[in-house]
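Chemist: Got a file for you: my_file04.csv, CSV, C-alpha atoms (C1' of nucleotides).
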```
chain,number,residue,atom,x,y,z
A,1,MET,CA,11.4,9.2,-35.6
A,2,ASP,CA,8.8,7.3,-33.6
A,3,PRO,CA,10.7,5.1,-31.1
A,4,VAL,CA,8.0,2.3,-31.2
A,5,LEU,CA,7.5,2.3,-35.0
A,6,ASN,CA,11.3,2.4,-35.3
A,7,GLU,CA,11.7,-0.7,-33.2
A,8,VAL,CA,9.1,-2.9,-34.9
A,9,LYS,CA,10.0,-3.2,-38.5
A,10,ASP,CA,8.5,-6.6,-39.2
A,11,ILE,CA,5.3,-7.1,-37.3
A,12,GLY,CA,5.0,-10.9,-38.1
A,13,ALA,CA,8.6,-11.4,-36.7
A,14,PHE,CA,7.8,-9.3,-33.7
A,15,LEU,CA,4.7,-11.3,-32.8
A,16,LYS,CA,6.6,-14.6,-33.2
A,17,GLU,CA,9.4,-13.4,-30.9
A,18,ASN,CA,6.7,-12.8,-28.3
A,19,GLY,CA,5.2,-16.2,-28.7
A,20,ILE,CA,2.2,-15.1,-30.8
A,21,LYS,CA,1.3,-16.8,-34.0
A,22,PRO,CA,1.0,-14.0,-36.6
A,23,SER,CA,-2.3,-14.4,-38.2
A,24,TYR,CA,-3.6,-11.7,-40.6
A,25,GLN,CA,-6.1,-10.4,-38.0
A,26,ARG,CA,-3.5,-10.2,-35.3
A,27,MET,CA,-1.0,-8.4,-37.5
A,28,GLN,CA,-3.6,-5.9,-38.6
A,29,ILE,CA,-4.7,-5.2,-35.1
A,30,TYR,CA,-1.1,-4.8,-33.8
A,31,LYS,CA,-0.3,-2.6,-36.9
A,32,PHE,CA,-3.3,-0.4,-36.2
A,33,LEU,CA,-2.2,0.1,-32.6
A,34,LEU,CA,1.3,0.9,-33.7
A,35,GLU,CA,0.3,3.4,-36.4
A,36,ASN,CA,-2.6,5.0,-34.6
A,37,ARG,CA,-1.6,6.3,-31.2
A,38,ILE,CA,-5.1,7.2,-30.2
A,39,HIS,CA,-5.6,4.7,-27.4
A,40,PRO,CA,-8.5,3.1,-29.2
A,41,THR,CA,-11.4,1.0,-27.8
A,42,VAL,CA,-12.3,-2.3,-29.2
A,43,ASP,CA,-15.1,-0.6,-31.1
A,44,THR,CA,-12.7,1.9,-32.7
A,45,ILE,CA,-10.4,-0.9,-33.8
A,46,TYR,CA,-13.3,-2.9,-35.1
A,47,LYS,CA,-14.7,0.0,-37.2
A,48,ALA,CA,-11.2,0.8,-38.6
A,49,LEU,CA,-10.5,-2.8,-39.7
A,50,CYS,CA,-14.0,-3.7,-41.0
A,51,ASP,CA,-13.4,-2.5,-44.5
A,52,ASP,CA,-10.2,-4.5,-44.8
A,53,ILE,CA,-11.5,-7.6,-43.1
A,54,PRO,CA,-15.2,-7.7,-43.7
A,55,THR,CA,-15.7,-11.0,-41.7
A,56,LEU,CA,-13.9,-9.6,-38.7
A,57,SER,CA,-15.7,-10.1,-35.4
A,58,LYS,CA,-15.3,-8.2,-32.1
A,59,THR,CA,-14.7,-11.5,-30.4
A,60,THR,CA,-11.5,-11.9,-32.4
A,61,ILE,CA,-10.4,-8.4,-31.4
A,62,TYR,CA,-11.1,-9.2,-27.7
A,63,ASN,CA,-9.3,-12.5,-28.0
A,64,THR,CA,-6.3,-10.9,-29.7
A,65,LEU,CA,-6.0,-8.0,-27.4
A,66,ASN,CA,-6.2,-10.3,-24.4
A,67,THR,CA,-3.4,-12.4,-25.9
A,68,PHE,CA,-1.3,-9.3,-26.6
A,69,VAL,CA,-1.7,-8.1,-23.0
A,70,GLU,CA,-0.8,-11.6,-21.6
A,71,LYS,CA,2.3,-11.6,-23.7
A,72,GLY,CA,3.2,-8.1,-22.6
A,73,ILE,CA,3.3,-6.3,-26.0
A,74,ILE,CA,0.4,-3.9,-25.3
A,75,SER,CA,-1.1,-2.3,-22.3
A,76,VAL,CA,-4.6,-1.5,-21.1
A,77,ILE,CA,-5.8,1.9,-20.2
A,78,VAL,CA,-8.8,2.2,-17.9
A,79,ILE,CA,-9.9,5.7,-17.3
A,80,GLU,CA,-13.7,5.6,-17.6
A,81,GLU,CA,-15.7,2.7,-16.5
A,82,ASN,CA,-17.0,0.7,-19.5
A,83,GLU,CA,-14.4,2.2,-21.8
A,84,THR,CA,-11.3,0.0,-22.0
A,85,ARG,CA,-8.6,1.3,-24.2
A,86,TYR,CA,-5.4,-0.2,-25.5
A,87,GLU,CA,-2.0,1.0,-26.7
A,88,ALA,CA,1.3,-0.4,-28.1
A,89,ASN,CA,3.5,2.1,-26.3
A,90,MET,CA,5.0,0.1,-23.4
A,91,GLN,CA,7.3,2.8,-22.0
A,92,LEU,CA,6.3,4.4,-18.7
A,93,HIS,CA,4.2,7.5,-19.5
A,94,GLY,CA,1.1,9.2,-18.3
A,95,HIS,CA,-2.2,10.2,-19.9
A,96,PHE,CA,-4.4,13.2,-19.9
A,97,LYS,CA,-8.0,12.8,-20.9
A,98,CYS,CA,-10.0,15.9,-22.0
A,99,THR,CA,-13.5,15.7,-20.7
A,100,GLU,CA,-14.7,18.0,-23.5
A,101,CYS,CA,-13.4,16.4,-26.6
A,102,GLY,CA,-12.6,13.0,-25.2
A,103,GLN,CA,-9.1,12.9,-26.6
A,104,ILE,CA,-6.3,11.2,-24.6
A,105,TYR,CA,-2.9,12.9,-24.7
A,106,ASP,CA,0.3,11.1,-23.7
A,107,ILE,CA,2.4,12.7,-21.0
A,108,PHE,CA,6.2,12.1,-20.9
A,109,LEU,CA,7.6,11.2,-17.5
A,110,ASP,CA,11.4,11.7,-17.8
A,111,THR,CA,12.4,9.7,-14.9
A,112,ASP,CA,10.2,8.0,-12.4
A,113,PRO,CA,9.0,11.0,-10.4
A,114,LEU,CA,7.4,9.2,-7.5
A,115,ASP,CA,9.0,8.5,-4.1
A,116,LEU,CA,7.7,5.1,-3.2
A,117,THR,CA,9.5,4.1,0.0
A,118,GLN,CA,6.1,3.2,1.4
A,119,LEU,CA,6.0,0.4,-1.1
A,120,LYS,CA,9.5,-0.9,-0.5
A,121,ASN,CA,8.3,-4.3,0.5
A,122,PHE,CA,5.7,-4.5,-2.3
A,123,LYS,CA,6.3,-5.8,-5.8
A,124,ILE,CA,5.2,-3.2,-8.2
A,125,LYS,CA,4.3,-4.5,-11.7
A,126,GLU,CA,2.4,-1.7,-13.2
A,127,LYS,CA,2.4,2.1,-12.8
A,128,HIS,CA,-0.6,4.2,-13.9
A,129,ILE,CA,-0.7,7.9,-13.9
A,130,TYR,CA,-3.5,9.9,-15.5
A,131,PHE,CA,-5.2,13.3,-15.3
A,132,LYS,CA,-8.6,14.5,-16.3
A,133,GLY,CA,-9.5,18.1,-17.3
A,134,ILE,CA,-9.8,20.3,-20.3
A,135,CYS,CA,-7.1,20.4,-23.0
A,136,GLU,CA,-5.5,23.5,-24.4
A,137,HIS,CA,-7.5,23.2,-27.6
A,138,CYS,CA,-10.9,23.1,-25.9
A,139,LEU,CA,-10.0,25.9,-23.5
A,140,LYS,CA,-9.1,28.1,-26.5
A,141,LYS,CA,-12.4,27.2,-28.2
A,142,ALA,CA,-14.3,28.3,-25.0
A,143,THR,CA,-12.6,31.7,-24.8
A,144,ASP,CA,-13.0,32.3,-28.5
A,145,LYS,CA,-16.8,32.0,-28.1
A,146,ASN,CA,-17.0,34.8,-25.4
B,1,MET,CA,-7.0,10.4,14.6
B,2,ASP,CA,-8.5,9.9,11.2
B,3,PRO,CA,-8.5,13.2,9.4
B,4,VAL,CA,-11.7,12.5,7.4
B,5,LEU,CA,-13.7,11.0,10.3
B,6,ASN,CA,-12.5,13.9,12.4
B,7,GLU,CA,-13.8,16.5,10.0
B,8,VAL,CA,-17.3,15.0,9.5
B,9,LYS,CA,-18.9,14.8,12.9
B,10,ASP,CA,-22.5,15.2,11.8
B,11,ILE,CA,-23.2,13.4,8.5
B,12,GLY,CA,-26.7,15.0,8.1
B,13,ALA,CA,-25.3,18.5,8.5
B,14,PHE,CA,-22.4,17.7,6.2
B,15,LEU,CA,-24.7,16.5,3.4
B,16,LYS,CA,-26.9,19.6,3.8
B,17,GLU,CA,-23.8,21.8,3.5
B,18,ASN,CA,-23.1,20.2,0.2
B,19,GLY,CA,-26.6,20.6,-1.2
B,20,ILE,CA,-27.7,17.0,-0.6
B,21,LYS,CA,-30.9,16.2,1.3
B,22,PRO,CA,-29.9,13.8,4.0
B,23,SER,CA,-32.2,10.8,3.6
B,24,TYR,CA,-31.6,7.7,5.8
B,25,GLN,CA,-30.2,5.8,2.8
B,26,ARG,CA,-27.9,8.6,1.8
B,27,MET,CA,-26.6,9.0,5.4
B,28,GLN,CA,-25.9,5.3,5.7
B,29,ILE,CA,-24.1,5.1,2.4
B,30,TYR,CA,-21.9,8.1,3.2
B,31,LYS,CA,-21.3,6.7,6.8
B,32,PHE,CA,-20.2,3.4,5.3
B,33,LEU,CA,-17.7,5.1,3.0
B,34,LEU,CA,-16.4,7.2,5.9
B,35,GLU,CA,-16.0,4.3,8.3
B,36,ASN,CA,-14.8,1.6,5.8
B,37,ARG,CA,-11.9,2.8,3.9
B,38,ILE,CA,-11.9,-0.3,1.7
B,39,HIS,CA,-12.8,1.5,-1.6
B,40,PRO,CA,-15.9,-0.6,-2.0
B,41,THR,CA,-17.9,-1.4,-5.1
B,42,VAL,CA,-21.7,-0.8,-5.3
B,43,ASP,CA,-22.1,-4.5,-4.6
B,44,THR,CA,-20.0,-4.3,-1.4
B,45,ILE,CA,-22.0,-1.4,-0.1
B,46,TYR,CA,-25.3,-3.1,-1.0
B,47,LYS,CA,-24.4,-6.3,0.8
B,48,ALA,CA,-23.2,-4.3,3.8
B,49,LEU,CA,-26.3,-2.2,4.2
B,50,CYS,CA,-28.9,-4.9,3.3
B,51,ASP,CA,-29.4,-6.1,6.8
B,52,ASP,CA,-30.0,-2.6,8.1
B,53,ILE,CA,-32.2,-1.5,5.1
B,54,PRO,CA,-33.9,-4.6,3.8
B,55,THR,CA,-35.7,-2.7,1.0
B,56,LEU,CA,-32.5,-1.1,-0.3
B,57,SER,CA,-32.0,-1.4,-4.0
B,58,LYS,CA,-28.8,-1.1,-6.0
B,59,THR,CA,-30.5,1.7,-8.1
B,60,THR,CA,-30.6,3.8,-5.0
B,61,ILE,CA,-26.9,3.2,-4.3
B,62,TYR,CA,-26.0,4.1,-7.9
B,63,ASN,CA,-28.2,7.3,-7.7
B,64,THR,CA,-26.7,8.3,-4.4
B,65,LEU,CA,-23.1,7.7,-5.3
B,66,ASN,CA,-23.6,9.6,-8.6
B,67,THR,CA,-25.1,12.5,-6.6
B,68,PHE,CA,-22.2,12.4,-4.1
B,69,VAL,CA,-19.7,12.5,-7.0
B,70,GLU,CA,-21.5,15.4,-8.7
B,71,LYS,CA,-21.5,17.3,-5.4
B,72,GLY,CA,-17.8,16.6,-4.9
B,73,ILE,CA,-17.9,14.7,-1.6
B,74,ILE,CA,-16.6,11.3,-2.8
B,75,SER,CA,-14.4,10.2,-5.7
B,76,VAL,CA,-14.4,7.4,-8.1
B,77,ILE,CA,-11.6,4.8,-8.5
B,78,VAL,CA,-11.4,2.9,-11.8
B,79,ILE,CA,-8.6,0.4,-11.8
B,80,GLU,CA,-10.1,-2.7,-13.3
B,81,GLU,CA,-12.6,-2.5,-16.1
B,82,ASN,CA,-16.1,-3.3,-14.9
B,83,GLU,CA,-15.3,-2.7,-11.3
B,84,THR,CA,-16.0,0.9,-10.2
B,85,ARG,CA,-15.0,1.7,-6.6
B,86,TYR,CA,-15.8,4.7,-4.4
B,87,GLU,CA,-14.1,6.5,-1.5
B,88,ALA,CA,-14.8,9.4,0.8
B,89,ASN,CA,-11.2,10.5,1.1
B,90,MET,CA,-10.9,13.6,-1.1
B,91,GLN,CA,-7.2,14.4,-0.4
B,92,LEU,CA,-4.7,13.7,-3.2
B,93,HIS,CA,-3.3,10.2,-2.7
B,94,GLY,CA,-2.5,7.2,-4.7
B,95,HIS,CA,-3.6,3.5,-4.7
B,96,PHE,CA,-1.9,0.2,-4.8
B,97,LYS,CA,-4.0,-2.8,-5.9
B,98,CYS,CA,-2.7,-6.3,-5.0
B,99,THR,CA,-3.4,-8.7,-7.9
B,100,GLU,CA,-3.3,-11.6,-5.4
B,101,CYS,CA,-5.7,-10.6,-2.6
B,102,GLY,CA,-7.5,-7.8,-4.5
B,103,GLN,CA,-7.0,-5.3,-1.6
B,104,ILE,CA,-6.5,-1.7,-2.4
B,105,TYR,CA,-4.0,0.2,-0.3
B,106,ASP,CA,-3.8,4.0,0.0
B,107,ILE,CA,-0.5,5.7,-0.8
B,108,PHE,CA,0.3,9.0,0.7
B,109,LEU,CA,1.8,11.6,-1.7
B,110,ASP,CA,3.3,14.3,0.5
B,111,THR,CA,3.4,17.1,-2.0
B,112,ASP,CA,2.5,16.9,-5.6
B,113,PRO,CA,5.4,14.9,-7.0
B,114,LEU,CA,4.9,15.4,-10.7
B,115,ASP,CA,6.4,18.0,-13.0
B,116,LEU,CA,3.6,19.0,-15.3
B,117,THR,CA,5.1,21.8,-17.4
B,118,GLN,CA,3.8,19.9,-20.4
B,119,LEU,CA,0.3,20.6,-19.2
B,120,LYS,CA,0.8,24.3,-18.4
B,121,ASN,CA,-2.0,25.3,-20.8
B,122,PHE,CA,-4.3,22.5,-19.7
B,123,LYS,CA,-6.8,22.7,-16.9
B,124,ILE,CA,-6.3,19.7,-14.7
B,125,LYS,CA,-9.3,18.8,-12.6
B,126,GLU,CA,-8.4,15.3,-11.4
B,127,LYS,CA,-5.2,13.4,-10.8
B,128,HIS,CA,-5.1,9.7,-10.6
B,129,ILE,CA,-2.0,7.6,-9.6
B,130,TYR,CA,-2.2,3.9,-9.0
B,131,PHE,CA,0.0,0.8,-9.0
B,132,LYS,CA,-0.6,-2.9,-9.4
B,133,GLY,CA,1.5,-5.7,-8.1
B,134,ILE,CA,1.8,-7.9,-5.1
B,135,CYS,CA,1.5,-6.6,-1.5
B,136,GLU,CA,3.9,-7.3,1.3
B,137,HIS,CA,1.4,-9.7,2.9
B,138,CYS,CA,0.9,-11.9,-0.1
B,139,LEU,CA,4.7,-11.9,-0.9
B,140,LYS,CA,5.3,-13.2,2.6
B,141,LYS,CA,2.7,-15.9,2.2
B,142,ALA,CA,4.4,-17.0,-1.0
B,143,THR,CA,7.9,-17.3,0.5
B,144,ASP,CA,6.5,-19.1,3.6
B,145,LYS,CA,5.1,-21.8,1.4
B,146,ASN,CA,8.5,-22.6,-0.2
C,1,DG,C1',-4.7,-34.7,-39.7
C,2,DT,C1',-4.4,-32.4,-35.7
C,3,DA,C1',-3.9,-27.9,-33.4
C,4,DT,C1',-5.1,-23.5,-33.4
C,5,DC,C1',-7.7,-19.5,-34.8
C,6,DT,C1',-11.9,-17.3,-36.0
C,7,DG,C1',-16.5,-15.6,-35.5
C,8,DC,C1',-21.5,-16.2,-34.6
C,9,DA,C1',-25.0,-16.5,-31.1
C,10,DA,C1',-26.0,-16.5,-26.4
C,11,DA,C1',-24.8,-15.5,-21.7
C,12,DA,C1',-22.9,-12.8,-18.1
C,13,DC,C1',-22.3,-8.5,-15.7
C,14,DA,C1',-22.3,-3.6,-14.4
C,15,DT,C1',-24.8,0.5,-15.0
C,16,DT,C1',-28.7,3.4,-16.6
C,17,DT,C1',-33.5,4.5,-17.6
C,18,DG,C1',-38.7,4.6,-17.1
C,19,DC,C1',-42.0,4.8,-14.1
C,20,DA,C1',-44.9,3.8,-10.2
C,21,DA,C1',-45.0,3.7,-5.2
C,22,DT,C1',-43.3,5.9,-1.2
C,23,DT,C1',-41.8,9.4,1.8
C,24,DC,C1',-41.1,14.0,3.6
C,25,DT,C1',-42.5,18.6,4.6
D,1,DA,C1',-50.9,18.3,-2.0
D,2,DG,C1',-46.5,18.8,-4.1
D,3,DA,C1',-41.8,17.7,-4.8
D,4,DA,C1',-38.1,14.7,-4.1
D,5,DT,C1',-36.6,10.0,-3.2
D,6,DT,C1',-36.8,5.2,-3.6
D,7,DG,C1',-36.8,0.8,-5.9
D,8,DC,C1',-38.6,-2.6,-9.2
D,9,DA,C1',-38.3,-4.2,-13.9
D,10,DA,C1',-36.6,-3.6,-18.3
D,11,DA,C1',-33.1,-1.7,-21.4
D,12,DT,C1',-28.3,-0.7,-22.6
D,13,DG,C1',-23.6,-1.6,-23.4
D,14,DT,C1',-19.3,-4.1,-22.8
D,15,DT,C1',-16.9,-8.3,-22.3
D,16,DT,C1',-16.9,-13.4,-21.9
D,17,DT,C1',-18.1,-18.1,-23.1
D,18,DG,C1',-19.6,-22.2,-25.9
D,19,DC,C1',-19.2,-24.1,-29.9
D,20,DA,C1',-19.0,-25.0,-35.0
D,21,DG,C1',-16.6,-24.0,-39.1
D,22,DA,C1',-12.3,-22.3,-41.2
D,23,DT,C1',-7.4,-22.1,-41.4
D,24,DA,C1',-2.7,-23.3,-40.9
D,25,DC,C1',1.4,-26.3,-40.3
```
Take the structure in this file and express it as C-alpha cells.

Modeler:
Amino acid sequence: MDPVLNEVKDIGAFLKENGIKPSYQRMQIYKFLLENRIHPTVDTIYKALCDDIPTLSKTTIYNTLNTFVEKGIISVIVIEENETRYEANMQLHGHFKCTECGQIYDIFLDTDPLDLTQLKNFKIKEKHIYFKGICEHCLKKATDKN
Amino acid sequence: MDPVLNEVKDIGAFLKENGIKPSYQRMQIYKFLLENRIHPTVDTIYKALCDDIPTLSKTTIYNTLNTFVEKGIISVIVIEENETRYEANMQLHGHFKCTECGQIYDIFLDTDPLDLTQLKNFKIKEKHIYFKGICEHCLKKATDKN
DNA sequence: GTATCTGCAAAACATTTGCAATTCT
DNA sequence: AGAATTGCAAATGTTTTGCAGATAC
C-alpha cells in the first residue's frame, strides 16, 4: 500500500489541516499529485485537468503549487533548467532522470547516507539528491537494436 | 594549493586538448570560472568580463558555456529554477545554498557515500547532491541581533 | 458583504535562434 | 578566400504580476 495515499484519505480535510482553503481546483491539483507519481510539470498538470475543469488557467496552477510549497505539503524538483516539477512525496528520497526517455525514477534512501560534519554549524532545511543517465529500459532497447 | 588551478597552467593549451579553439573570449570565460569558485550565472560572468571585453555579448557566453559543457570541462548547477550556474570543478562534490545570503558552498564528499544497488542496471552519468538552508555566517548574524 | 480565489492579458526574465559582421588562418 | 566565431535583434518558453470578475463564508 502506498504510504502517501494511505495517509491522505480526505484531501479537503488534509488541506484544511495545513491552512489551505480546499477549493475544487486545489483539491484536484493535490489529488493529481497524489495519484500520479510522475513528478509533473505545470503543463502536465494543466493538460491532465483541462477536461475536468475547462476554465482552468495555468496561473491558478502556479498559484496553487506555490501555496502548497509554502505550506510544506509538496516539494519542488529542479533537474533541468526551465522545467520545474512537483511531487507530493515529502519523505527523503532521491531521483534518477533518464536522458533518453525523460522519465524520473524515485530512489529510496534508507537512512541518511551522507556524512555532513562539514555542515555541523549550518541549518539544513532541504536535501536534494539526483542522478542523470540512461535507465534500464532504454539501455535494453539500445542493445536489442544491435 | 588549489587542485584545479594547479592542473590547468596554460588555458589555451587546455582548451585545445579538449577540442575547443581558444579564442580570447573563451579563454577569459574559462579563466574566470577557474579563478572565481563562486558558481556564477551567465549574468555574473557577463558583468565581470564587460570591462575587459566591452563588445562581449551574453549570446557568446551562452555559446561558450554550452560548448564547455559538451566537451566536458565544466558542469552545470541547477538549484533554483531560472538560475543556471556553472563551475570548472569537475570532481564529485556537493553544494550548500544559503537561502539568506544566496552563497553556494562546496561540500567535499570523500568517497561516493551512496548505496546505489537499486540502480545497478542503470547507467549513471551525473551525480548531483545539494542542500539548502542557512549558513554558519547568516545564523551567527541572526543570533547577534537578538 | 467582505475576503479570498480564479483566470485573462500583459509583463518579466532566462535562454535560444537567425543571420550578418568580424576574426583567424 | 574560407571556415569558425562573435554579437545584435528577434523569437521562444516559463513564471510572475496586475487586475477584474466569480466564488465562498

Chemist: What does chain A look like after a least-squares fit onto chain B on every Cα paired in order, written as a CSV table (one decimal) with C-alpha atoms, in the frame of the given file?

Modeler:
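Output (superposed01.csv):
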```csv
chain,number,residue,atom,x,y,z
A,1,MET,CA,-7.1,10.5,14.6
A,2,ASP,CA,-8.6,9.9,11.2
A,3,PRO,CA,-8.5,13.3,9.4
A,4,VAL,CA,-11.8,12.6,7.4
A,5,LEU,CA,-13.7,11.1,10.3
A,6,ASN,CA,-12.5,14.0,12.4
A,7,GLU,CA,-13.8,16.5,10.0
A,8,VAL,CA,-17.3,15.1,9.5
A,9,LYS,CA,-19.0,14.9,12.9
A,10,ASP,CA,-22.6,15.2,11.8
A,11,ILE,CA,-23.2,13.5,8.5
A,12,GLY,CA,-26.8,15.0,8.0
A,13,ALA,CA,-25.2,18.5,8.4
A,14,PHE,CA,-22.4,17.7,6.1
A,15,LEU,CA,-24.7,16.5,3.3
A,16,LYS,CA,-26.9,19.6,3.6
A,17,GLU,CA,-23.8,21.9,3.4
A,18,ASN,CA,-23.1,20.1,0.1
A,19,GLY,CA,-26.5,20.6,-1.2
A,20,ILE,CA,-27.7,17.0,-0.6
A,21,LYS,CA,-30.9,16.2,1.1
A,22,PRO,CA,-29.9,13.8,3.9
A,23,SER,CA,-32.2,10.9,3.6
A,24,TYR,CA,-31.6,7.7,5.7
A,25,GLN,CA,-30.2,5.8,2.7
A,26,ARG,CA,-27.8,8.6,1.8
A,27,MET,CA,-26.5,9.0,5.3
A,28,GLN,CA,-25.9,5.3,5.7
A,29,ILE,CA,-24.1,5.1,2.4
A,30,TYR,CA,-21.9,8.1,3.2
A,31,LYS,CA,-21.3,6.8,6.8
A,32,PHE,CA,-20.3,3.4,5.4
A,33,LEU,CA,-17.8,5.1,3.1
A,34,LEU,CA,-16.4,7.2,5.9
A,35,GLU,CA,-16.0,4.3,8.3
A,36,ASN,CA,-14.9,1.6,5.9
A,37,ARG,CA,-11.9,2.8,3.9
A,38,ILE,CA,-11.9,-0.2,1.7
A,39,HIS,CA,-12.8,1.5,-1.6
A,40,PRO,CA,-15.9,-0.6,-1.9
A,41,THR,CA,-18.0,-1.4,-5.1
A,42,VAL,CA,-21.6,-0.8,-5.3
A,43,ASP,CA,-22.1,-4.5,-4.6
A,44,THR,CA,-20.0,-4.4,-1.4
A,45,ILE,CA,-22.0,-1.4,-0.1
A,46,TYR,CA,-25.2,-3.1,-1.0
A,47,LYS,CA,-24.4,-6.3,0.9
A,48,ALA,CA,-23.2,-4.3,3.9
A,49,LEU,CA,-26.4,-2.2,4.2
A,50,CYS,CA,-28.9,-4.9,3.3
A,51,ASP,CA,-29.4,-6.1,6.9
A,52,ASP,CA,-30.0,-2.5,8.1
A,53,ILE,CA,-32.2,-1.5,5.2
A,54,PRO,CA,-33.9,-4.6,3.9
A,55,THR,CA,-35.7,-2.7,1.0
A,56,LEU,CA,-32.6,-1.1,-0.2
A,57,SER,CA,-32.0,-1.4,-3.9
A,58,LYS,CA,-28.8,-1.1,-6.0
A,59,THR,CA,-30.4,1.6,-8.0
A,60,THR,CA,-30.6,3.8,-4.9
A,61,ILE,CA,-26.9,3.2,-4.3
A,62,TYR,CA,-26.1,4.1,-7.9
A,63,ASN,CA,-28.2,7.2,-7.7
A,64,THR,CA,-26.7,8.3,-4.4
A,65,LEU,CA,-23.2,7.7,-5.4
A,66,ASN,CA,-23.7,9.6,-8.6
A,67,THR,CA,-25.1,12.5,-6.6
A,68,PHE,CA,-22.2,12.4,-4.1
A,69,VAL,CA,-19.7,12.5,-7.0
A,70,GLU,CA,-21.5,15.4,-8.7
A,71,LYS,CA,-21.4,17.3,-5.5
A,72,GLY,CA,-17.8,16.5,-5.0
A,73,ILE,CA,-17.9,14.7,-1.6
A,74,ILE,CA,-16.6,11.3,-2.9
A,75,SER,CA,-14.4,10.2,-5.7
A,76,VAL,CA,-14.4,7.3,-8.1
A,77,ILE,CA,-11.7,4.8,-8.5
A,78,VAL,CA,-11.4,2.9,-11.7
A,79,ILE,CA,-8.7,0.4,-11.8
A,80,GLU,CA,-10.2,-2.7,-13.4
A,81,GLU,CA,-12.7,-2.5,-16.1
A,82,ASN,CA,-16.2,-3.4,-14.8
A,83,GLU,CA,-15.2,-2.7,-11.2
A,84,THR,CA,-16.0,0.8,-10.1
A,85,ARG,CA,-15.0,1.7,-6.7
A,86,TYR,CA,-15.7,4.7,-4.5
A,87,GLU,CA,-14.2,6.5,-1.5
A,88,ALA,CA,-14.8,9.4,0.9
A,89,ASN,CA,-11.2,10.5,1.1
A,90,MET,CA,-10.9,13.5,-1.1
A,91,GLN,CA,-7.2,14.4,-0.4
A,92,LEU,CA,-4.7,13.7,-3.2
A,93,HIS,CA,-3.3,10.2,-2.7
A,94,GLY,CA,-2.5,7.2,-4.7
A,95,HIS,CA,-3.6,3.5,-4.7
A,96,PHE,CA,-1.9,0.2,-4.9
A,97,LYS,CA,-4.0,-2.8,-5.9
A,98,CYS,CA,-2.7,-6.3,-5.0
A,99,THR,CA,-3.4,-8.7,-7.9
A,100,GLU,CA,-3.3,-11.6,-5.5
A,101,CYS,CA,-5.6,-10.6,-2.7
A,102,GLY,CA,-7.4,-7.8,-4.4
A,103,GLN,CA,-7.0,-5.4,-1.6
A,104,ILE,CA,-6.4,-1.7,-2.4
A,105,TYR,CA,-3.9,0.2,-0.2
A,106,ASP,CA,-3.8,4.0,0.0
A,107,ILE,CA,-0.5,5.6,-0.8
A,108,PHE,CA,0.4,9.0,0.7
A,109,LEU,CA,1.8,11.6,-1.7
A,110,ASP,CA,3.4,14.3,0.5
A,111,THR,CA,3.5,17.0,-2.0
A,112,ASP,CA,2.5,16.8,-5.6
A,113,PRO,CA,5.5,14.9,-7.0
A,114,LEU,CA,4.8,15.4,-10.7
A,115,ASP,CA,6.4,18.0,-12.9
A,116,LEU,CA,3.7,19.0,-15.2
A,117,THR,CA,5.0,21.9,-17.3
A,118,GLN,CA,3.8,20.0,-20.4
A,119,LEU,CA,0.3,20.6,-19.1
A,120,LYS,CA,0.7,24.3,-18.3
A,121,ASN,CA,-2.0,25.4,-20.7
A,122,PHE,CA,-4.4,22.6,-19.7
A,123,LYS,CA,-6.9,22.7,-16.8
A,124,ILE,CA,-6.3,19.8,-14.6
A,125,LYS,CA,-9.3,18.7,-12.5
A,126,GLU,CA,-8.4,15.3,-11.4
A,127,LYS,CA,-5.2,13.5,-10.6
A,128,HIS,CA,-5.0,9.6,-10.6
A,129,ILE,CA,-2.1,7.7,-9.6
A,130,TYR,CA,-2.2,3.9,-9.0
A,131,PHE,CA,0.1,0.8,-9.0
A,132,LYS,CA,-0.6,-2.8,-9.5
A,133,GLY,CA,1.5,-5.7,-8.1
A,134,ILE,CA,1.8,-7.9,-5.1
A,135,CYS,CA,1.5,-6.6,-1.6
A,136,GLU,CA,3.9,-7.3,1.2
A,137,HIS,CA,1.4,-9.7,2.9
A,138,CYS,CA,1.0,-11.9,-0.2
A,139,LEU,CA,4.7,-11.9,-1.0
A,140,LYS,CA,5.4,-13.2,2.6
A,141,LYS,CA,2.7,-15.9,2.1
A,142,ALA,CA,4.4,-17.1,-1.1
A,143,THR,CA,7.9,-17.4,0.5
A,144,ASP,CA,6.5,-19.1,3.5
A,145,LYS,CA,5.1,-21.9,1.3
A,146,ASN,CA,8.6,-22.7,-0.2
```

Chemist: Could you name the residues that touch stretch 6-19 of chain C at 9 Å or less, counting only C-alpha atoms (C1' of nucleotides), but leaving out those on the same chain fewer than 4 positions away, as a list in words?

Modeler: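 The contact residues come out as Thr55, Leu56, Ser57, Lys58, Thr59, Thr60 and Asn82 of chain A; Thr59, Tyr62, Asn82, Glu83 and Thr84 of chain B; DA10, DA11, DT12, DG13, DT14, DT15, DT16, DT17, DG18, DG21, DA22 and DT23 of chain D.
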
Chemist: Save the residues we just selected, C-alpha atoms (C1' of nucleotides), as a compact mmCIF listing (two decimals), in the frame of the given file?

Modeler:
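And here is the file that came out, part11.txt:
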```txt
# COMPACT_ATOMS: atom_id res chain seq x y z
CA THR A 55 -15.70 -11.00 -41.70
CA LEU A 56 -13.90 -9.60 -38.70
CA SER A 57 -15.70 -10.10 -35.40
CA LYS A 58 -15.30 -8.20 -32.10
CA THR A 59 -14.70 -11.50 -30.40
CA THR A 60 -11.50 -11.90 -32.40
CA ASN A 82 -17.00 0.70 -19.50
CA THR B 59 -30.50 1.70 -8.10
CA TYR B 62 -26.00 4.10 -7.90
CA ASN B 82 -16.10 -3.30 -14.90
CA GLU B 83 -15.30 -2.70 -11.30
CA THR B 84 -16.00 0.90 -10.20
C1' DA D 10 -36.60 -3.60 -18.30
C1' DA D 11 -33.10 -1.70 -21.40
C1' DT D 12 -28.30 -0.70 -22.60
C1' DG D 13 -23.60 -1.60 -23.40
C1' DT D 14 -19.30 -4.10 -22.80
C1' DT D 15 -16.90 -8.30 -22.30
C1' DT D 16 -16.90 -13.40 -21.90
C1' DT D 17 -18.10 -18.10 -23.10
C1' DG D 18 -19.60 -22.20 -25.90
C1' DG D 21 -16.60 -24.00 -39.10
C1' DA D 22 -12.30 -22.30 -41.20
C1' DT D 23 -7.40 -22.10 -41.40
```

Chemist: Quick one: pull the distance between atom CA of A:Asn121 and atom CA of B:Leu114, Å, one decimal.

Modeler: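 So the answer is 22.9 Å.
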
Chemist: Atom CA of B:Pro22 and atom CA of B:Glu35 are how many Å apart?

Modeler: 17.4 Å
